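Note sheet for the following structure.
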Amino acid sequence: MKKQLNLFLLITFCCILIVPALNIQGLFEKKQKLSLKRLYKMDFFVHWISKHLYPFGISIDPQNVIIGRDGWLYLGDEHNNTLSVVRRGAVPDDANIGSKIGLTLMEWDTWLTEKGVKLFRIMIGANKKAIYPEYMPTWARPASPSTTDELVKGADTDFIIDTRPSLLLAKQILNEPLYYKTDTHWNRLGAAIAFDEFARSIHDAEPELHWPSKAAYTVERIDVRQGGDLALFLRLLNILQDQEPSIAILQKKKNTVRYDYATGEVIGEGGNPEILDIDKPLLVVNIQALNNKKVLWLRDSFGNALSPYMAITFKEVMQLHWYHALKEDGSFVKLVEEWKPDYVFITVVERNVDSDLFRRSASMLLKDSK
């Protein structure tokens, strides 16, 4: 017993000496100040453990990410209990929630029409689990019908554009993946499929709008990119790689200008980059756009890959995360009344469609804006 205790103490003592020695070089290279916390960071050890567990399908952070087959990673329960919800499938209350959402969207549409908005739609960004369930561990695969099936059925409204059927059909036809293996999001091709479905869905309501042709979404090549957000959870961002379809229309030169709406300051010029998830209004202007229209677009991170397509199609696109727009002190009402958009679109990932914010009546939004 004494020998075991001495061995434990020796190993502990060695770690106390070795960990700072391994960290200190990195601190000097990054020109960071020395501190006890930085000297004893264990990131390198966690990375090492994850690297050796990953091939066996063992996640060091199963609440955030689970490991499937052939390098496919999926979101865990840390984010809106998404894993438990898809495994559980639909429950009776889902249709009731959908019905409330449908009524709310009708109220919003009535108010928006009074404010001069020509069209209002909400697009669902499909969970990766819904499009590529076959790579998930058997125990984690989605049940049918799903919560989203019942929500959409309960809402019973043309205001909702469900991208899942188009993505599932495209998956059967195309050889290229529509989602990243190491990230929660669709890639540029998946976003193109969703955007084309979005265009098709509103064509009858706004037939005068012009859209990119289907040929514009041709995949020119497949590039290699660094691992995504799920790889980051595993501390394997620089080890895991992914595929990035290069889309023809995105290679053509564009000259967008990006403004901070509140200040009018130009924060970017040239090109047509993806606009990352944003917490304050950002205005993207493209004078070469297919339509001289103004769009208020409330979106989340599934809008990242969609943003170049929006900029190609509409001259002015005001972007803001839907949470910041619709929360109690949000700016939705102010932006509609002050900026006067032609269209209002919302893009929300499937796992957040049941958010309470999509059940807040127009009267509540108006009250909160005062």
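By convention here, the chains of the structure tokens are called A, B, ... in the order presented, each chain's residues are numbered starting at 1, and ligands are numbered starting at 1 in the order presented.
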
Next item on the list: Identify, with DSSP run on backbone atoms, the residues in range 15-199 of chain A assigned to strand (DSSP E), and express the list as number ranges by chain.
Entry: A: 65-67, 73-75, 119-125, 160-162

Could you list, as a list of chain:residue names, every residue within 8 Å of range 78-81 of chain A, counting only C-alpha atoms and ignoring same-chain residues fewer than 6 positions away?
A:Gln63, A:Asn64, A:Arg351, A:Asn352

### Task
Tell me which protein, DNA and RNA residues are within 7 Å of range 208-213 of chain A, counting only C-alpha atoms, leaving out same-chain ones fewer than 6 positions away, and put them as a ChimeraX atom specification.
/A:199,290-291,313

Could you save those same residues with C-alpha atoms as a PDB file, in the first residue's frame?
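The resulting file, result-v7.pdb, is reproduced below:
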ATOM      1  CA  ALA A 199     -37.515  30.103 -54.288  1.00  0.00           C
ATOM      2  CA  LEU A 290     -31.364  39.988 -59.372  1.00  0.00           C
ATOM      3  CA  ASN A 291     -34.114  41.950 -57.610  1.00  0.00           C
ATOM      4  CA  THR A 313     -30.979  37.586 -55.191  1.00  0.00           C
TER       5      THR A 313
END

List the spatial neighbours of Arg141 in chain A as a list in words - criterion: any atom at most 12 Å away, only C-alpha atoms, same-chain residues fewer than 3 positions off excluded.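 Counting only the stated atoms, we get Ile66, Gly68, Tyr74, Thr82, Leu83, Ser84, Val85, Val86, Arg87, Arg88, Gly89, Lys128, Lys129, Ala130, Ile131, Tyr132, Pro133, Glu134, Tyr135, Met136, Pro137, Thr138, Ser144 and Ser146 of chain A.
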
#### Entry: Which of A:Val353, A:Gln251, A:Ser363, A:Met310 sits closest to Thr147 in chain A [using only C-alpha atoms]
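Closest candidate: A:Val353.
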
Env of Leu357 in chain A: 10 Å cut, atoms = only C-alpha atoms, seq-sep filter 6 positions within chain, self excluded. Answer as a count of residues only. 9

Report task. Might you pull out every residue within 12 Å of range 228-239 of chain A, with only C-alpha atoms counted and same-chain residues fewer than 6 positions away left off, and present them as a PyMOL selection string? Result -> chain A and resi 42-55+57-68+71-76+78+179-187+301

Exercise. Work out how far CA of Gly303 in chain A is from CA of Ala126 in chain A, in Å to one decimal.
Key: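 Going from CA of Ala126 in chain A over to CA of Gly303 in chain A covers 11.9 Å.
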
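Minimum distance to Leu105 in chain A across A:Phe56, A:Phe358, A:Phe332, A:Phe195 (counting only C-alpha atoms) occurs at A:Phe358.
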
Computed interatomic separation between CA of Ile122 in chain A and CA of Thr110 in chain A (Å) |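 Separation between CA of Ile122 in chain A and CA of Thr110 in chain A: 14.8 Å.
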
Given only C-alpha atoms as the basis, pick out the residue of A:Pro145, A:Pro245, A:Pro341, A:Pro207 nearest to Val224 in chain A.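 Ranking A:Pro145, A:Pro245, A:Pro341, A:Pro207 by distance to Val224 in chain A, first place goes to A:Pro245.
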
Between A:Ala95, A:Ile160, A:Ala289, A:Leu283, smallest distance to Gly264 in chain A by only C-alpha atoms belongs to A:Leu283

Counting only C-alpha atoms, closest pick from A:Val336, A:Val344, A:Leu189, A:Leu276 relative to Leu119 in chain A is A:Val344

Closest of A:Asp70, A:Glu206, A:Glu107, A:Asp158 to Asp342 in chain A, counting only C-alpha atoms, is A:Glu206
